[in-house]
Amino acid sequence: MKPKINWKPYIIAGIISLLIGIFFFILFFVILKRPVIDGTGYASIILISSAGLIWVVREGFFDIFTYGFRQLGATLFSKKPNEYNDFAGYKEVKFSKREKRSKYFISVAIVGALFLIATIILYIIYKL
């Protein structure tokens with residue numbers, strides 16, 4: 001039996017990224033008086049880049065830095081030792097926690113792709 005998918009985080013992330021995209025569209029098109037294609041283009045670049053960064057962080061690319069700073073902080077400022085003795089144990093615990101979380105970067109990437117499609121359509125209309 002398949003586990004039930006909780007759609008709430010995906011919907012919330014999609015709405016927030018849509019609002020961010022609309023904000024950048026308004027910023028470039030209305031406030032800065034740039035062409036409409038710039039507004040959608042910059043919004044798509046920002047959203048797709050954000051989705052990529054969220055994915056990289058979720059995959060554990062920066063885990064070694066967080067582990068190092070936690071060890072340093074526990075060594076210098078705490079009287080109790082850190083709960084993780086080695087990086088492999090820390091990474092295992094983090095990986096098991098991440099597997100349970102939703103992959104909301106997918107929603108951000110989808111909204112970024114929608115803005116990219118709008119940019120391509122506007123570019124085609126502009127060139128005609």
# chains A, B, ... in the order shown; residues from 1 in each chain; ligands from 1

$ residues_around --residues "Tyr67 of chain A" --least-positions-apart "3" --cutoff "9 Å" --atoms "only C-alpha atoms" --output "list in words"
Phe62, Asp63, Ile64, Arg70, Gln71, Leu72, Tyr84, Asp86, Phe87, Tyr90 and Lys91 of chain A

$ write_last_selection --atoms "C-alpha atoms" --output "compact mmCIF listing (two decimals), in the first residue's frame"
# COMPACT_ATOMS: atom_id res chain seq x y z
CA PHE A 62 26.57 21.58 3.10
CA ASP A 63 26.34 18.94 5.85
CA ILE A 64 30.09 18.90 6.41
CA ARG A 70 28.43 22.19 15.56
CA GLN A 71 31.57 20.38 16.68
CA LEU A 72 33.44 23.65 17.05
CA TYR A 84 27.61 13.02 17.15
CA ASP A 86 31.69 11.18 13.69
CA PHE A 87 30.45 12.73 10.47
CA TYR A 90 25.59 12.84 11.70
CA LYS A 91 24.96 12.39 7.99

$ closest_atom_pairs --of "segment 73-125 of chain A" --to "segment 20-36 of chain A" --cutoff "10 Å" --atoms "only C-alpha atoms" --output "JSON lines"
{"residue": "A:Val108", "atom": "CA", "partner": "A:Gly21", "partner_atom": "CA", "distance": 9.8}
{"residue": "A:Val111", "atom": "CA", "partner": "A:Gly21", "partner_atom": "CA", "distance": 8.1}
{"residue": "A:Gly112", "atom": "CA", "partner": "A:Gly21", "partner_atom": "CA", "distance": 7.7}
{"residue": "A:Leu114", "atom": "CA", "partner": "A:Gly21", "partner_atom": "CA", "distance": 10.0}
{"residue": "A:Phe115", "atom": "CA", "partner": "A:Gly21", "partner_atom": "CA", "distance": 7.7}
{"residue": "A:Thr119", "atom": "CA", "partner": "A:Val36", "partner_atom": "CA", "distance": 8.6}
{"residue": "A:Leu122", "atom": "CA", "partner": "A:Val36", "partner_atom": "CA", "distance": 8.0}
{"residue": "A:Tyr123", "atom": "CA", "partner": "A:Val36", "partner_atom": "CA", "distance": 9.6}

$ atom_distance --atom1 "atom CA of Phe61 of chain A" --atom2 "atom CA of Arg98 of chain A"
12.8 Å

$ atom_distance --atom1 "atom CA of Ile12 of chain A" --atom2 "atom CA of Ile110 of chain A"
13.1 Å
